[in-house]
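Visitor: Below is the structure I would like to discuss, written out as structure tokens.
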Amino acid sequence: MYKSDIEIAQECRMSHITEIAKTAGIGEEYLEQYGNYKAKIDYKLLKDKANTPDGKLILVTAINPTPAGEGKTTTTVGLADALKRLGKNVIVALREPSLGPVFGVKGGAAGGGYAQVVPMEDINLHFTGDFHAIGAANNLLAAMLDNHIQQGNALGIDVKKITWKRCVDMNDRQLRNVVDGLGGRMQGVPREDGFDITVASEVMAVFCLSSSVSDMKERLGRMVVGYTYDDRPVTAHDLKAEGAMAALLKDALKPNLVQTLEGTPAFVHGGPFANIAHGCNSILATRMAMKLGDYAVTEAGFGADLGAEKFLDIKCRLAGLKPSAVVVVATVRALKNHGGVPKAELDKENLEALEKGLPNLLQHVSNIRDVYKLPCVVAINAFPTDTRAELDLVEAKCRELGVNVALSEVWARGGAGGTALAEEVIRLCEEPNEFSFSYELDATIEEKLKAISTRIYHADGVNIEPNARKQIQTLEALGFDKLPICMAKTQYSFSDDQTKLGAPAGFNITVRNIKVSAGAGFLVALTGDIMTMPGLPKVPAAEHIDVDENGVISGLF
């Protein structure tokens with residue numbers, strides 16, 4: 001009988017956070033402790049280490065997710081622990097989990113088995129309060145916007161053209177579309193409104209892409225909240241909101257330091273969704289990891305078509321980062337699921353289904369190597385039910401592309417199960433690297449949409465609905481056309497139809513809406529039926545989470 005993730009995490013004898021800081025080379029003057037096992041690190045550390053050479057940046061990504069699970073975060077943590085076991089100075093940088101998925105389908109998101117970050121319960125729940133601060137800043141702007149309209153609307157904001165939404169860090173479909181301001185003249189101006197989940201808020205994107213407090217304040221000020229009657233954009237700066245918002249966020253902006261089960265220092269900071277937003281932890285945390293470690297291991301959300309694309313085309317571009325190697329995670333079970341096998345039958349050997357599902361993995365690998373020109377390794381996250389024949393088939397197909405495959409057993413064995421992967425990553429980090437983007441910024445909006453759709457998703461082209469085409473014309477007129485693109489697309493498929501598994505062909509990507517995130521510095525293109533406020537499933541993970549009289553939590557996986 002296997003132990004649950006939370007049981008393993010609760011049995012871990014954690015080192016005091018001051019010891020983890022020493023391991024990472026962080027002086028006491030930068031350390032702000034949150035109890036014994038968590039701390040925030042002052043961003044002044046980056047100024048003081050400005051002349052320190054950067055370590056190698058390793059990106060961990062994956063195939064399109066399935067109900068079978070892929071173990072991307074588990075592999076990221078296990079790889080860092082394995083590099084440490086090989087005597088390397090390594091730091092891991094991860095996203096903070098959102099309460100929506102924690103209580104929804106996914107459950108905890110701090111790794112799994114013997115490759116986890118701890119304290120697992122804290123990280124999965126309130127942690128250091130960053131997401132609450134982000135939600136508060138978002139909703140302060142919403143309150144100031146509606147108050148401005150109530151108090152005379154000097155800016156001439158058209159209430160039918162307000163784009164800013166309130167947010168809450170919970171899966172709550174009831175809040176997607178609301179009517180507020182009811183109850184009479186003194187209760188506000190009645191209008192249609194709605195909520196996003198906090199991790200889809202532009203404030204989260206700004207938070208994660210900011211390089212300093214002053215940069216964050218400037219970005220917050222540029223955020224567009226709506227338009228006037230004559231179609232001029234109205235910003236947070238117009239509402240004089242960015243100073244107060246930055247005040248709410250100044251402490252949250254400091255990266256959070258925790259540890260893995262094996263005592264590897266870990267930054268866990270920021271957490272935009274990758275299907276809706278850009279899906280990467282904060283630039284500050286990544287830069288700190290690179291300044292403190294010879295190797296910095298980080299991950300991007302969901303499959304490589306979303307997380308890796310946005311990490312490479314948005315985050316690396318905006319922050320001037322250059323990855324040294326990429327790990328693409330897959331499981332035999334998930335590949336069989338892409339090949340048409342239902343979840344209940346994934347434990348049986350099925351080479352035919354595996355061969356049918358393999359193109360999903362191979363297409364992601366090809367994108368990393370051929371589009372982004374980056375060294376790449378496939379990590380097979382091992383399950384006890386994998387057969388030798390299945391593993392050999394995956395290895396053979398990847399070798400045909402000139403890519404090595406490493407079996408990763410970090411879930412069962414921790415860092416010891418990741419040494420083969422770690423050795424391959426070390427080797428790849430020394431290979432020639434001609435990193436390039438999938439599109440150029442000076443292309444038109446339509447050209448950029450087409451480049452992502454055809455080069456990364458392998459679509460035939462893009463259908464731009466009339467409403468989106470009109471929005472593109474407006475964005476071009478306002479000078480926003482040179483920004484990168486953040487595609488809001490289903491995570492389950494290369495296409496915008498979540499039922500098309502594997503490596504679908506003969507489809508177009510349909511863009512139905514496109515809006516500017518001027519503070520974050522990108523355009524968001526909504527495709528398919530993607531929503532910025534998820535709902536809970538029929539049986540939410542929350543039903544199985546509990547706490548006893550001693551405050552010990554159970555059910556978080």
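Ordering of the structure tokens sets the chain letters (A, B, ...), residue numbers begin anew at 1 in every chain, and ligands are numbered from 1 in the order given.
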Which residues are near region 133-150 of chain A? Cut-off 7 Å, only C-alpha atoms, ignore same chain within fewer than 5 positions. Put them as a PDB file with N, CA and C atoms, in the first residue's frame.
Guide:
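The file below, out.pdb, is the result:
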ATOM      1  N   TRP A 164     -12.441  45.404 -16.922  1.00  0.00           N
ATOM      2  CA  TRP A 164     -11.845  44.928 -15.661  1.00  0.00           C
ATOM      3  C   TRP A 164     -12.873  44.136 -14.855  1.00  0.00           C
ATOM      4  N   LYS A 165     -12.451  42.978 -14.358  1.00  0.00           N
ATOM      5  CA  LYS A 165     -13.340  42.150 -13.537  1.00  0.00           C
ATOM      6  C   LYS A 165     -12.801  42.026 -12.130  1.00  0.00           C
ATOM      7  N   ARG A 166     -13.688  41.717 -11.223  1.00  0.00           N
ATOM      8  CA  ARG A 166     -13.262  41.354  -9.883  1.00  0.00           C
ATOM      9  C   ARG A 166     -12.711  39.926  -9.915  1.00  0.00           C
ATOM     10  N   CYS A 167     -12.057  39.494  -8.831  1.00  0.00           N
ATOM     11  CA  CYS A 167     -11.520  38.135  -8.845  1.00  0.00           C
ATOM     12  C   CYS A 167     -11.597  37.499  -7.465  1.00  0.00           C
ATOM     13  N   VAL A 168     -11.566  36.182  -7.465  1.00  0.00           N
ATOM     14  CA  VAL A 168     -11.511  35.393  -6.236  1.00  0.00           C
ATOM     15  C   VAL A 168     -10.750  34.117  -6.583  1.00  0.00           C
ATOM     16  N   GLY A 188     -24.598  52.301  -6.202  1.00  0.00           N
ATOM     17  CA  GLY A 188     -23.730  52.088  -7.352  1.00  0.00           C
ATOM     18  C   GLY A 188     -24.510  52.144  -8.643  1.00  0.00           C
ATOM     19  N   VAL A 189     -23.776  52.046  -9.749  1.00  0.00           N
ATOM     20  CA  VAL A 189     -24.387  52.087 -11.080  1.00  0.00           C
ATOM     21  C   VAL A 189     -24.650  50.660 -11.539  1.00  0.00           C
ATOM     22  N   THR A 198      -8.367  34.368  -9.491  1.00  0.00           N
ATOM     23  CA  THR A 198      -7.241  35.260  -9.214  1.00  0.00           C
ATOM     24  C   THR A 198      -6.049  34.990 -10.119  1.00  0.00           C
ATOM     25  N   VAL A 203      -3.358  41.328 -12.775  1.00  0.00           N
ATOM     26  CA  VAL A 203      -2.480  41.677 -11.651  1.00  0.00           C
ATOM     27  C   VAL A 203      -1.497  40.527 -11.387  1.00  0.00           C
ATOM     28  N   MET A 204      -1.982  39.276 -11.499  1.00  0.00           N
ATOM     29  CA  MET A 204      -1.084  38.126 -11.325  1.00  0.00           C
ATOM     30  C   MET A 204       0.005  38.124 -12.388  1.00  0.00           C
ATOM     31  N   LEU A 239      -7.045  56.326 -12.964  1.00  0.00           N
ATOM     32  CA  LEU A 239      -7.841  56.259 -11.724  1.00  0.00           C
ATOM     33  C   LEU A 239      -6.992  56.497 -10.473  1.00  0.00           C
ATOM     34  N   ALA A 241      -4.718  54.616  -9.158  1.00  0.00           N
ATOM     35  CA  ALA A 241      -4.831  53.421  -8.317  1.00  0.00           C
ATOM     36  C   ALA A 241      -3.523  52.673  -8.110  1.00  0.00           C
ATOM     37  N   MET A 245      -2.269  50.000  -5.030  1.00  0.00           N
ATOM     38  CA  MET A 245      -2.175  48.581  -5.413  1.00  0.00           C
ATOM     39  C   MET A 245      -0.770  48.045  -5.136  1.00  0.00           C
ATOM     40  N   LEU A 248      -0.179  47.282  -1.531  1.00  0.00           N
ATOM     41  CA  LEU A 248      -0.736  45.987  -1.121  1.00  0.00           C
ATOM     42  C   LEU A 248       0.173  44.828  -1.542  1.00  0.00           C
ATOM     43  N   LEU A 249       0.963  45.032  -2.604  1.00  0.00           N
ATOM     44  CA  LEU A 249       1.731  43.938  -3.211  1.00  0.00           C
ATOM     45  C   LEU A 249       3.215  43.951  -2.862  1.00  0.00           C
ATOM     46  N   ALA A 252       4.310  40.846  -0.958  1.00  0.00           N
ATOM     47  CA  ALA A 252       4.034  39.641  -1.756  1.00  0.00           C
ATOM     48  C   ALA A 252       5.073  39.473  -2.859  1.00  0.00           C
TER      49      ALA A 252
END
Visitor: Just want the 8 Å neighbourhood of Asn36 (chain A), counted on only C-alpha atoms, with same-chain residues fewer than 3 positions away dropped. Output as a list in words.
Guide: His16, Ile17 and Gln33 of chain A
Visitor: For each of A:Ala389, A:Arg512, A:Ala21, A:Asn381, take the minimum atom-to-atom distance to Lys348 (chain A), counting only C-alpha atoms, then give the residue where this is smallest.
Guide: A:Ala389
Visitor: Write out as an MDAnalysis selection string each polymer residue whose atoms come within 8 Å of region 434-442 of chain A, counting only C-alpha atoms; drop sequence neighbours fewer than 4 positions from it.
Guide: chainID A and resid 312:313 322:323 371:374 448 451:452 455:456 482:484
Visitor: Just want the 7 Å neighbourhood of Asp180 (chain A), counted on only C-alpha atoms, with same-chain residues fewer than 5 positions away dropped. Output as a PDB file with N, CA, C and O atoms, in the first residue's frame.
Guide:
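Below is the file part00.pdb, written as the result:
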ATOM      1  N   PRO A 190     -25.901  50.294 -11.810  1.00  0.00           N
ATOM      2  CA  PRO A 190     -26.181  48.916 -12.247  1.00  0.00           C
ATOM      3  C   PRO A 190     -25.468  48.598 -13.560  1.00  0.00           C
ATOM      4  O   PRO A 190     -25.481  49.406 -14.500  1.00  0.00           O
ATOM      5  N   ARG A 191     -24.815  47.449 -13.600  1.00  0.00           N
ATOM      6  CA  ARG A 191     -24.149  47.028 -14.835  1.00  0.00           C
ATOM      7  C   ARG A 191     -23.860  45.530 -14.790  1.00  0.00           C
ATOM      8  O   ARG A 191     -23.859  44.911 -13.728  1.00  0.00           O
ATOM      9  N   GLU A 192     -23.615  44.990 -15.978  1.00  0.00           N
ATOM     10  CA  GLU A 192     -23.164  43.598 -16.060  1.00  0.00           C
ATOM     11  C   GLU A 192     -21.700  43.543 -15.659  1.00  0.00           C
ATOM     12  O   GLU A 192     -20.904  44.399 -16.023  1.00  0.00           O
ATOM     13  N   ASP A 193     -21.358  42.505 -14.905  1.00  0.00           N
ATOM     14  CA  ASP A 193     -20.010  42.381 -14.371  1.00  0.00           C
ATOM     15  C   ASP A 193     -19.651  40.892 -14.356  1.00  0.00           C
ATOM     16  O   ASP A 193     -20.385  40.055 -14.895  1.00  0.00           O
TER      17      ASP A 193
END
Visitor: Check region 185-368 of chain A with DSSP on the backbone and list each residue it calls alpha helix (DSSP H), as an MDAnalysis selection string.
Guide: chainID A and resid 202:209 213:222 242:249 283:292 309:310 316:319 332:338 351:366
Visitor: Need the shell around Thr18 (chain A): protein/DNA/RNA residues with any atom at most 12 Å away, counting only C-alpha atoms. Skip same-chain ones fewer than 6 positions apart. Format as number ranges by chain?
Guide: A: 24-41, 257-259, 263, 265
Visitor: Any idea what's packed within 9 Å of region 207-210 of chain A, counting only C-alpha atoms, ignoring anything in its chain fewer than 5 positions away? Could you give it as a ChimeraX atom specification?
Guide: /A:134,202,215-217,219-220,249,252-253,269-272,280-285,315,318-319,520-521
Visitor: For Gly71 (chain A), work out the shell of residues within 12 Å, counting only C-alpha atoms and skipping chain neighbours fewer than 3 positions away, then give it as JSON, numbers by chain.
Guide: {"A": [60, 61, 62, 63, 64, 65, 66, 67, 68, 74, 75, 76, 77, 78, 79, 106, 109, 110, 111, 112, 113, 114, 115, 116, 299, 301, 302, 303, 328, 329, 330, 331, 332, 333, 334, 379, 380, 381, 382, 383, 408, 409, 410, 411, 412]}
Visitor: Go through A:Leu526, A:Ala344, A:Ala518, A:Leu261 and flag the residue nearest Ile20 (chain A), using only C-alpha atoms for the distances.
Guide: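 The answer is A:Leu261, which sits nearest to Ile20 (chain A).
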Visitor: With only C-alpha atoms as the basis for distance, which of A:Asp230, A:Asp294, A:Glu121, A:Glu218 is at the shortest distance from Val92 (chain A)?
Guide: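 Selected residue with least distance to Val92 (chain A): A:Asp294.
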